[in-house]
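K.L.:
Supplied structure: structure-v9.csv, CSV, C-alpha atoms.
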```
chain,number,residue,atom,x,y,z
E,80,MET,CA,0.0,0.0,0.0
E,81,ALA,CA,2.8,2.4,0.9
E,82,THR,CA,4.5,1.8,-2.5
E,83,THR,CA,1.2,2.4,-4.3
E,84,SER,CA,0.7,5.7,-2.4
E,85,LEU,CA,4.2,6.8,-3.2
E,86,LEU,CA,3.8,5.9,-6.9
E,87,THR,CA,0.5,7.9,-7.0
E,88,LYS,CA,2.2,10.9,-5.5
E,89,LEU,CA,5.1,10.7,-7.9
E,90,TYR,CA,2.7,10.4,-10.9
E,91,GLU,CA,0.7,13.5,-9.6
E,92,PHE,CA,4.0,15.4,-9.1
E,93,PHE,CA,5.3,14.8,-12.7
E,94,PHE,CA,2.1,14.5,-14.7
E,95,THR,CA,-0.6,16.7,-13.2
E,96,PRO,CA,-1.6,19.3,-15.8
E,97,ALA,CA,-1.1,23.0,-15.2
E,98,VAL,CA,-3.8,24.5,-13.0
E,99,ALA,CA,-5.3,27.9,-12.9
E,100,ASP,CA,-3.9,30.5,-10.5
E,101,PRO,CA,-5.7,30.6,-7.2
E,102,PRO,CA,-8.2,33.5,-6.5
E,103,LEU,CA,-6.0,36.6,-6.4
E,104,TYR,CA,-5.3,38.0,-3.0
E,105,ASN,CA,-5.2,41.8,-3.0
E,106,PHE,CA,-2.8,43.1,-0.4
E,107,PRO,CA,-4.5,45.7,1.9
E,108,PRO,CA,-3.2,49.3,1.8
E,109,GLY,CA,-0.5,50.1,4.3
E,110,THR,CA,-1.1,52.1,7.4
E,111,LYS,CA,-0.8,55.9,7.3
E,112,GLU,CA,-0.3,56.1,11.0
E,113,ASP,CA,2.8,57.8,12.3
E,114,LEU,CA,4.4,54.8,14.0
E,115,ASP,CA,7.7,54.4,15.9
E,116,HIS,CA,9.4,51.8,13.7
E,117,ALA,CA,12.4,49.7,14.5
E,118,ASP,CA,15.6,50.6,12.5
E,119,LEU,CA,16.4,47.2,10.9
E,120,ALA,CA,19.3,46.4,8.6
E,121,ILE,CA,18.5,45.4,5.0
E,122,ILE,CA,20.5,42.4,3.9
E,123,ASP,CA,20.9,41.8,0.2
E,124,LEU,CA,21.0,38.0,0.1
E,125,SER,CA,22.1,37.9,-3.6
E,126,LYS,CA,25.6,38.8,-2.3
E,127,ALA,CA,25.9,35.4,-0.6
E,128,SER,CA,26.8,33.9,-4.0
E,129,THR,CA,30.4,35.2,-3.8
E,130,GLU,CA,33.2,35.0,-1.2
E,131,GLN,CA,33.5,38.8,-0.9
E,132,GLY,CA,29.8,39.1,-0.6
E,133,ARG,CA,29.7,36.6,2.3
E,134,VAL,CA,32.5,38.5,4.1
E,135,GLU,CA,30.4,41.7,3.8
E,136,LEU,CA,27.1,40.0,4.8
E,137,THR,CA,28.8,38.3,7.8
E,138,GLU,CA,29.7,41.7,9.2
E,139,GLN,CA,26.2,43.1,8.5
E,140,VAL,CA,24.3,40.2,10.0
E,141,CYS,CA,26.5,39.9,13.1
E,142,ARG,CA,25.9,43.6,13.8
E,143,ALA,CA,22.2,43.3,13.2
E,144,MET,CA,21.9,40.3,15.5
E,145,HIS,CA,23.6,42.1,18.3
E,146,GLU,CA,21.8,45.5,17.8
E,147,THR,CA,18.2,44.4,17.1
E,148,GLY,CA,18.1,40.6,16.5
E,149,PHE,CA,15.9,41.2,13.4
E,150,PHE,CA,16.8,42.2,9.9
E,151,TYR,CA,15.2,42.5,6.4
E,152,VAL,CA,16.3,40.3,3.5
E,153,ILE,CA,15.9,41.5,-0.1
E,154,ASN,CA,16.8,39.8,-3.4
E,155,HIS,CA,16.0,36.5,-1.9
E,156,GLY,CA,15.1,34.8,-5.2
E,157,TYR,CA,11.3,35.0,-5.3
E,158,SER,CA,9.6,37.5,-7.6
E,159,ALA,CA,6.7,39.7,-6.5
E,160,GLU,CA,4.4,37.6,-8.7
E,161,GLN,CA,5.5,34.3,-6.9
E,162,THR,CA,5.1,36.0,-3.5
E,163,ARG,CA,1.6,37.1,-4.4
E,164,ARG,CA,0.7,33.7,-5.6
E,165,ILE,CA,1.7,32.0,-2.4
E,166,PHE,CA,-0.2,34.6,-0.4
E,167,SER,CA,-3.3,33.9,-2.6
E,168,ILE,CA,-2.9,30.2,-1.8
E,169,ALA,CA,-2.6,31.0,1.9
E,170,ASN,CA,-5.7,33.1,1.9
E,171,MET,CA,-7.7,30.5,0.1
E,172,THR,CA,-6.7,28.0,2.8
E,173,PHE,CA,-8.8,29.9,5.3
E,174,ASP,CA,-11.6,31.5,3.3
E,175,ASP,CA,-12.5,28.7,0.9
E,176,VAL,CA,-12.4,25.7,3.2
E,177,ASP,CA,-15.4,25.0,5.4
E,178,ASP,CA,-15.2,24.2,9.2
E,179,ASN,CA,-15.9,20.5,8.8
E,180,GLU,CA,-12.9,20.0,6.4
E,181,LYS,CA,-10.7,22.2,8.6
E,182,THR,CA,-11.5,19.9,11.5
E,183,LYS,CA,-10.7,16.8,9.4
E,184,TYR,CA,-7.2,18.3,8.7
E,185,GLN,CA,-6.5,19.6,12.1
E,186,ALA,CA,-3.1,19.0,13.6
E,187,LYS,CA,-2.8,15.7,15.5
E,188,ALA,CA,-0.6,17.2,18.2
E,189,PRO,CA,0.6,20.7,19.1
E,190,ASP,CA,4.3,19.9,18.3
E,191,ILE,CA,3.5,18.2,14.9
E,192,TYR,CA,3.4,21.1,12.4
E,193,GLN,CA,0.9,19.7,10.0
E,194,GLY,CA,-2.6,21.0,9.4
E,195,TYR,CA,-4.9,23.5,11.0
E,196,LYS,CA,-4.8,25.1,14.4
E,197,PRO,CA,-8.2,26.5,15.2
E,198,LYS,CA,-9.0,29.8,16.8
E,199,GLN,CA,-9.3,30.0,20.6
E,200,THR,CA,-6.7,27.4,21.3
E,201,TRP,CA,-4.5,29.6,23.5
E,202,VAL,CA,-5.2,31.7,26.5
E,203,ILE,CA,-3.8,35.2,26.0
E,204,ASN,CA,-4.8,37.0,29.2
E,205,ASN,CA,-7.7,37.4,31.6
E,206,GLY,CA,-9.5,34.4,30.1
E,207,VAL,CA,-9.4,35.8,26.6
E,208,ARG,CA,-8.4,33.2,24.0
E,209,ASP,CA,-6.7,33.8,20.7
E,210,GLN,CA,-8.4,34.7,17.4
E,211,ILE,CA,-5.6,33.2,15.3
E,212,GLU,CA,-6.1,30.5,12.7
E,213,GLN,CA,-3.1,28.6,11.3
E,214,TYR,CA,-2.4,26.0,8.6
E,215,ASN,CA,1.0,24.3,9.0
E,216,ILE,CA,2.8,22.6,6.2
E,217,ASN,CA,5.7,20.3,7.1
E,218,LYS,CA,8.8,20.6,4.8
E,219,LYS,CA,7.9,17.1,3.4
E,220,VAL,CA,4.8,18.6,1.7
E,221,TYR,CA,3.8,15.5,-0.2
E,222,GLU,CA,3.9,13.3,2.9
E,223,GLN,CA,1.1,15.3,4.5
E,224,GLU,CA,-2.6,15.1,3.6
E,225,HIS,CA,-4.1,18.4,2.5
E,226,PRO,CA,-7.6,19.8,2.0
E,227,ALA,CA,-9.0,19.2,-1.6
E,228,ILE,CA,-8.7,22.9,-2.6
E,229,LEU,CA,-5.0,22.9,-1.9
E,230,ARG,CA,-4.0,19.7,-3.8
E,231,PRO,CA,-3.7,21.3,-7.2
E,232,TYR,CA,-1.2,23.8,-5.7
E,233,LEU,CA,1.1,21.3,-3.9
E,234,LYS,CA,3.9,22.0,-6.4
E,235,HIS,CA,3.8,25.7,-5.6
E,236,MET,CA,3.8,24.9,-1.9
E,237,ASP,CA,6.7,22.4,-2.2
E,238,ASP,CA,8.7,25.0,-4.2
E,239,PHE,CA,8.0,27.6,-1.5
E,240,VAL,CA,9.1,25.3,1.4
E,241,ARG,CA,12.3,24.2,-0.4
E,242,HIS,CA,13.1,27.8,-1.4
E,243,ASN,CA,12.9,29.0,2.2
E,244,HIS,CA,15.0,26.2,3.5
E,245,MET,CA,17.6,25.9,0.8
E,246,ASN,CA,17.9,29.4,-0.6
E,247,VAL,CA,17.2,31.5,2.5
E,248,VAL,CA,17.8,29.6,5.7
E,249,HIS,CA,20.9,27.8,4.6
E,250,PRO,CA,22.7,30.9,3.4
E,251,ILE,CA,21.9,32.7,6.6
E,252,LEU,CA,23.2,29.7,8.6
E,253,ARG,CA,26.5,29.8,6.7
E,254,ILE,CA,26.8,33.5,7.5
E,255,LEU,CA,26.1,32.8,11.2
E,256,ALA,CA,28.7,30.1,11.3
E,257,ARG,CA,31.3,32.4,9.7
E,258,GLY,CA,30.5,34.9,12.4
E,259,LEU,CA,31.6,32.4,15.0
E,260,GLY,CA,34.8,31.5,13.1
E,261,LEU,CA,33.4,28.0,12.3
E,262,PRO,CA,33.4,26.2,8.9
E,263,GLU,CA,30.5,27.5,6.8
E,264,GLU,CA,28.6,24.2,6.7
E,265,THR,CA,28.7,23.7,10.5
E,266,LEU,CA,25.1,24.8,11.2
E,267,VAL,CA,23.8,23.7,7.8
E,268,LYS,CA,24.8,20.1,8.6
E,269,GLN,CA,22.5,20.3,11.6
E,270,HIS,CA,19.6,21.6,9.5
E,271,GLN,CA,19.3,19.1,6.7
E,272,PHE,CA,16.2,19.3,4.6
E,273,ASP,CA,15.9,15.5,4.2
E,274,ALA,CA,16.4,14.7,7.9
E,275,ARG,CA,13.6,14.1,10.4
E,276,GLY,CA,12.4,17.3,11.8
E,277,GLU,CA,9.6,19.8,12.0
E,278,SER,CA,10.8,22.7,9.8
E,279,SER,CA,7.6,24.0,8.2
E,280,ALA,CA,5.8,26.8,6.4
E,281,ARG,CA,2.8,28.4,8.1
E,282,PHE,CA,-0.2,30.2,6.8
E,283,MET,CA,-1.7,32.3,9.5
E,284,LYS,CA,-4.7,34.6,9.8
E,285,TYR,CA,-5.4,37.0,12.7
E,286,TYR,CA,-9.0,37.9,13.0
E,287,ASN,CA,-10.5,41.0,14.7
E,288,ARG,CA,-11.5,40.9,18.3
E,289,THR,CA,-14.2,42.6,20.3
E,290,LYS,CA,-13.5,45.8,22.2
E,291,ASP,CA,-13.9,44.0,25.5
E,292,GLU,CA,-11.2,41.4,24.4
E,293,GLU,CA,-8.9,44.2,23.4
E,294,GLU,CA,-9.3,45.9,26.8
E,295,LYS,CA,-8.8,42.7,28.8
E,296,THR,CA,-5.5,41.9,26.9
E,297,LYS,CA,-4.3,45.5,26.6
E,298,ASN,CA,-4.4,45.0,22.8
E,299,VAL,CA,-1.9,42.1,22.9
E,300,TRP,CA,-2.6,39.3,20.4
E,301,LEU,CA,0.5,37.3,21.1
E,302,LYS,CA,2.6,37.9,24.2
E,303,GLY,CA,6.2,38.8,24.0
E,304,HIS,CA,8.3,35.7,23.3
E,305,HIS,CA,11.3,34.2,21.7
E,306,ASP,CA,10.8,31.7,18.8
E,307,ILE,CA,11.4,28.0,19.6
E,308,GLY,CA,13.4,27.1,16.5
E,309,SER,CA,16.5,28.3,14.7
E,310,VAL,CA,15.7,30.8,11.9
E,311,THR,CA,12.3,32.3,11.4
E,312,ILE,CA,11.3,33.9,8.1
E,313,LEU,CA,8.3,36.3,7.9
E,314,TRP,CA,7.2,37.3,4.4
E,315,SER,CA,6.4,41.0,4.8
E,316,GLN,CA,2.8,42.1,4.3
E,317,PRO,CA,1.1,45.5,4.8
E,318,VAL,CA,-1.0,45.0,7.9
E,319,GLY,CA,0.9,46.1,11.0
E,320,GLY,CA,1.0,44.3,14.4
E,321,LEU,CA,4.5,42.9,14.8
E,322,GLN,CA,6.6,44.7,17.4
E,323,ILE,CA,10.1,44.0,18.7
E,324,LEU,CA,11.6,45.0,22.0
E,325,SER,CA,14.4,47.4,21.3
E,326,PRO,CA,17.6,47.5,23.4
E,327,ASP,CA,16.3,50.7,25.1
E,328,GLY,CA,13.4,48.8,26.4
E,329,LYS,CA,10.8,50.2,24.0
E,330,TRP,CA,8.4,48.2,21.8
E,331,ARG,CA,8.8,49.3,18.2
E,332,TRP,CA,6.8,48.4,15.1
E,333,VAL,CA,8.3,46.4,12.2
E,334,LYS,CA,7.7,48.3,9.0
E,335,HIS,CA,6.4,46.6,5.8
E,336,LEU,CA,8.8,46.4,2.8
E,337,ASP,CA,7.4,45.1,-0.4
E,338,ASN,CA,8.5,41.6,-1.3
E,339,ALA,CA,11.0,41.6,1.6
E,340,LEU,CA,11.5,39.0,4.3
E,341,VAL,CA,11.8,39.8,8.1
E,342,VAL,CA,14.3,37.4,9.7
E,343,ASN,CA,15.1,36.6,13.3
E,344,THR,CA,16.6,33.7,15.2
E,345,GLY,CA,15.2,31.7,18.1
E,346,ASP,CA,16.1,29.3,20.9
E,347,GLY,CA,17.8,26.8,18.6
E,348,ILE,CA,20.5,29.3,17.5
E,349,ASP,CA,20.8,30.6,21.1
E,350,PHE,CA,21.6,27.1,22.3
E,351,LEU,CA,23.9,26.1,19.4
E,352,CYS,CA,25.8,29.4,19.2
E,353,GLY,CA,26.3,29.7,23.0
E,354,GLY,CA,24.3,32.9,23.3
E,355,TYR,CA,26.4,34.8,20.7
E,356,TYR,CA,23.2,35.5,18.7
E,357,PRO,CA,20.6,36.2,21.4
E,358,PRO,CA,16.9,36.0,20.3
E,359,THR,CA,14.9,39.2,20.5
E,360,ARG,CA,11.6,39.4,22.2
E,361,HIS,CA,8.7,40.2,19.9
E,362,ARG,CA,5.0,40.3,20.1
E,363,VAL,CA,1.9,40.9,18.0
E,364,ILE,CA,-0.6,43.6,19.0
E,365,GLN,CA,-3.8,45.0,17.5
E,366,PRO,CA,-3.0,46.7,14.1
E,367,PRO,CA,-2.9,50.5,13.8
E,368,LYS,CA,-6.2,52.3,13.9
E,369,ASP,CA,-6.7,52.6,10.2
E,370,GLN,CA,-6.2,48.8,9.8
E,371,HIS,CA,-8.5,47.7,12.7
E,372,ASN,CA,-11.1,46.2,10.4
E,373,ILE,CA,-8.6,44.2,8.3
E,374,ASP,CA,-7.8,40.6,8.9
E,375,ARG,CA,-4.0,40.1,9.1
E,376,LEU,CA,-2.7,37.3,6.7
E,377,GLY,CA,0.7,36.0,7.6
E,378,LEU,CA,3.2,33.8,5.7
E,379,PHE,CA,6.1,32.2,7.6
E,380,TYR,CA,8.8,29.6,7.5
E,381,PHE,CA,10.0,28.2,10.8
E,382,SER,CA,13.3,26.2,10.6
E,383,TYR,CA,14.5,23.8,13.2
E,384,ALA,CA,17.6,21.8,13.5
E,385,ASP,CA,17.2,18.0,12.9
E,386,ASP,CA,15.1,16.3,15.6
E,387,ASP,CA,18.1,14.3,17.0
E,388,VAL,CA,20.5,17.3,17.3
E,389,GLU,CA,21.5,18.0,20.8
E,390,LEU,CA,21.2,21.7,21.6
E,391,ARG,CA,24.8,21.9,22.7
E,392,PRO,CA,26.9,25.0,22.1
E,393,HIS,CA,29.7,24.9,19.5
E,394,ALA,CA,32.4,25.3,22.1
E,395,GLU,CA,35.1,24.8,19.4
E,396,SER,CA,34.3,28.3,18.1
E,397,PRO,CA,37.3,30.6,18.6
E,398,VAL,CA,34.9,33.5,18.8
E,399,LEU,CA,32.9,31.9,21.7
E,400,GLN,CA,36.1,30.9,23.4
E,401,GLN,CA,37.0,34.6,23.5
E,402,ALA,CA,33.6,36.1,24.1
E,403,GLY,CA,32.4,33.4,26.6
E,404,ILE,CA,29.6,30.9,26.3
E,405,LYS,CA,26.2,31.5,27.7
E,406,HIS,CA,25.1,28.2,29.2
E,407,LEU,CA,21.3,27.8,29.1
E,408,VAL,CA,21.5,24.3,30.6
E,409,ALA,CA,22.7,23.9,34.2
E,410,PRO,CA,26.1,22.3,34.6
E,411,GLY,CA,25.8,18.5,34.8
E,412,LYS,CA,22.4,18.5,33.1
E,413,ALA,CA,21.8,16.8,29.8
E,414,PHE,CA,21.3,19.0,26.7
E,415,PRO,CA,17.8,18.5,25.3
E,416,THR,CA,17.4,17.4,21.7
E,417,VAL,CA,15.6,19.6,19.3
E,418,GLN,CA,12.6,17.3,19.5
E,419,GLN,CA,12.5,17.3,23.3
E,420,TRP,CA,12.8,21.1,23.4
E,421,ARG,CA,10.0,21.6,20.8
E,422,LYS,CA,7.7,19.2,22.5
E,423,GLY,CA,8.3,20.9,25.9
E,424,ARG,CA,7.8,24.4,24.6
E,425,VAL,CA,4.8,23.8,22.3
E,426,GLY,CA,3.1,21.4,24.6
E,427,SER,CA,2.8,24.1,27.3
E,428,TYR,CA,2.2,27.2,25.3
E,429,GLY,CA,-1.0,28.9,26.2
E,430,LYS,CA,-2.0,26.0,28.4
E,431,THR,CA,0.3,26.0,31.4
E,432,GLU,CA,-0.4,28.3,34.3
E,433,LEU,CA,2.6,30.6,34.3
E,434,LYS,CA,4.3,31.9,37.5
E,435,GLU,CA,5.2,35.5,38.1
E,436,GLY,CA,8.9,36.1,37.5
E,437,LYS,CA,11.3,38.3,39.4
E,438,ASP,CA,10.8,41.2,36.9
E,439,LYS,CA,7.6,43.2,36.5
E,440,GLY,CA,5.4,41.9,33.7
E,441,VAL,CA,7.4,38.7,33.2
E,442,GLU,CA,6.0,35.2,33.7
E,443,GLU,CA,8.0,32.1,33.8
E,444,GLU,CA,7.9,28.3,33.2
E,445,LEU,CA,10.4,25.5,33.4
E,446,VAL,CA,11.0,23.5,30.2
E,447,CYS,CA,13.6,20.7,30.0
E,448,GLY,CA,15.2,22.3,33.0
E,449,VAL,CA,15.5,25.7,31.3
E,450,VAL,CA,13.6,28.8,32.6
E,451,VAL,CA,11.5,30.2,29.7
E,452,LYS,CA,10.2,33.8,30.1
E,453,HIS,CA,7.0,35.2,28.7
E,454,TYR,CA,6.6,39.0,28.5
E,455,ASN,CA,3.3,40.9,28.8
```
So that I can check it, write out the structure of this file as C-alpha cells.

P.N.:
Amino acid sequence: MATTSLLTKLYEFFFTPAVADPPLYNFPPGTKEDLDHADLAIIDLSKASTEQGRVELTEQVCRAMHETGFFYVINHGYSAEQTRRIFSIANMTFDDVDDNEKTKYQAKAPDIYQGYKPKQTWVINNGVRDQIEQYNINKKVYEQEHPAILRPYLKHMDDFVRHNHMNVVHPILRILARGLGLPEETLVKQHQFDARGESSARFMKYYNRTKDEEEKTKNVWLKGHHDIGSVTILWSQPVGGLQILSPDGKWRWVKHLDNALVVNTGDGIDFLCGGYYPPTRHRVIQPPKDQHNIDRLGLFYFSYADDDVELRPHAESPVLQQAGIKHLVAPGKAFPTVQQWRKGRVGSYGKTELKEGKDKGVEEELVCGVVVKHYN
C-alpha cells in the first residue's frame, strides 16, 4: 500500500496538468499612522553567492543580530508575482475551506506542524483566547494530507518550502557560522532538509477581536516571546501588528517592505551558538487604527535543527572561546534534543499556568530544566 501511495504521488507530481492560478489575494493598503518603527538592517542576500559578498554579509548580519536581533532580507530569489501567488494560496486555505474540512485536517498534536490550528486554542490573558487560525505545512509537503482545494497547488507549496529552507535559511546559517569562526557548513549540517524534523511553512490569519477582548488583553494578540526554532522567516505584508523590544526597552513596530523578508533567530540558534546571537523578544498587537477592520494574513517559514540534534553550544568556536559561552542548561544536566525542546515548549504554550517572574510583567515556566520567560 505504501508503495502504491508513493507511486501515486510521484505520478501526480510529474504528470498533473497545469492548474489555474488561485483566486487573487489583494494586499490591503499600508497604514498611514505615524508609528515608531524599529531601525532594521537590510540584507541583500544575492551577495551570498560570492566569497567577498559573504564577508560583507557576515559583518552586517552579526551587527544586526547584536543590535536588534531582526533584519530584512531582499533579493531572496522570489519574484513579486511568486510571492503574491503563495499569499493567494494561503488566503484560500482559510476563506475557501469549510469548518468540517478544517476539523478533518486539524493537527494531530501541538508539536507536529501539520494541518490546522483553530482559533481559541491559546489563553492570551484574563480568560481571553486567541483569534488566530493557522495552517501548518511540514517541509515534506507530499507526505502530508491536505484539503482538496490545496491539492492542485502542492507543487507551488513544495517549491515555496524548499526555497525558504535551501535558498534563505541555509545561506543565513552559513553567515552565522562564519561569524563564529566556524566552517561555513557547520550549522547547515544540523539543519538538513531531508532529515527528520519539523521545519515548516505556516499560513496564519489573525481575525479582529471585540472591544472587550482588546481591553482585557491590553491589545496584545501574542505575548512577547522568543521563537522556539532556529531561523524564522516572515514574508512581509502591509497589515501592522508585529513589534520587537528594542535595546532601550521600548516596543517598536516592524515596517512593511514590499517583497522583503523579516528574519530573526530563536532558541535553537541561542543554544547552538552559545548565546552569541541572542533572540529578540517580539509580540503581535492590534494593528494600527486605520487597519483595525482588516484581517491580518501571515506567511512564515520556521526552521528547526534536525530532531536528533543535541542543543549543545559549539564550544570549538574561537569567537565563543574569547567572548564566553552562555550556558542555558545547568552544569551536569543533559542537553535537550531539538525534538525534546520543541515538545516541551509547544506542549505548554497557552495551556500552562505561568508563574510570576522576578521582573515586572514577566511570567516564567520551566521547560527541559531551562527557565522560559513570557513577556506581557

K.L.:
Atom CA of Lys295 of chain E and atom CA of Asn205 of chain E, how far apart in Å?

P.N.:
6.1 Å

K.L.:
Kindly extract all protein, DNA and RNA residues lying within 7 Å of the coordinates (17.1, 21.0, 10.2) given in the file, considering only C-alpha atoms, and supply them as a VMD selection string.

P.N.:
chain E and resid 269 to 272 274 276 278 382 to 385

K.L.:
E:Asn154, E:Ser396, E:Phe149, E:Val207: which is nearest Leu313 of chain E, counting all atoms listed in the file?

P.N.:
E:Phe149

K.L.:
Smallest atom-to-atom distance to Glu442 of chain E: which of E:Pro108, E:Gly148, E:Pro397, E:Gly303, using only C-alpha atoms?

P.N.:
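So, comparing all the options, the nearest one is E:Gly303.
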
K.L.:
Calculate how many Å separate atom CA of Tyr380 of chain E from atom CA of Glu277 of chain E, rounding to one decimal.

P.N.:
10.8 Å
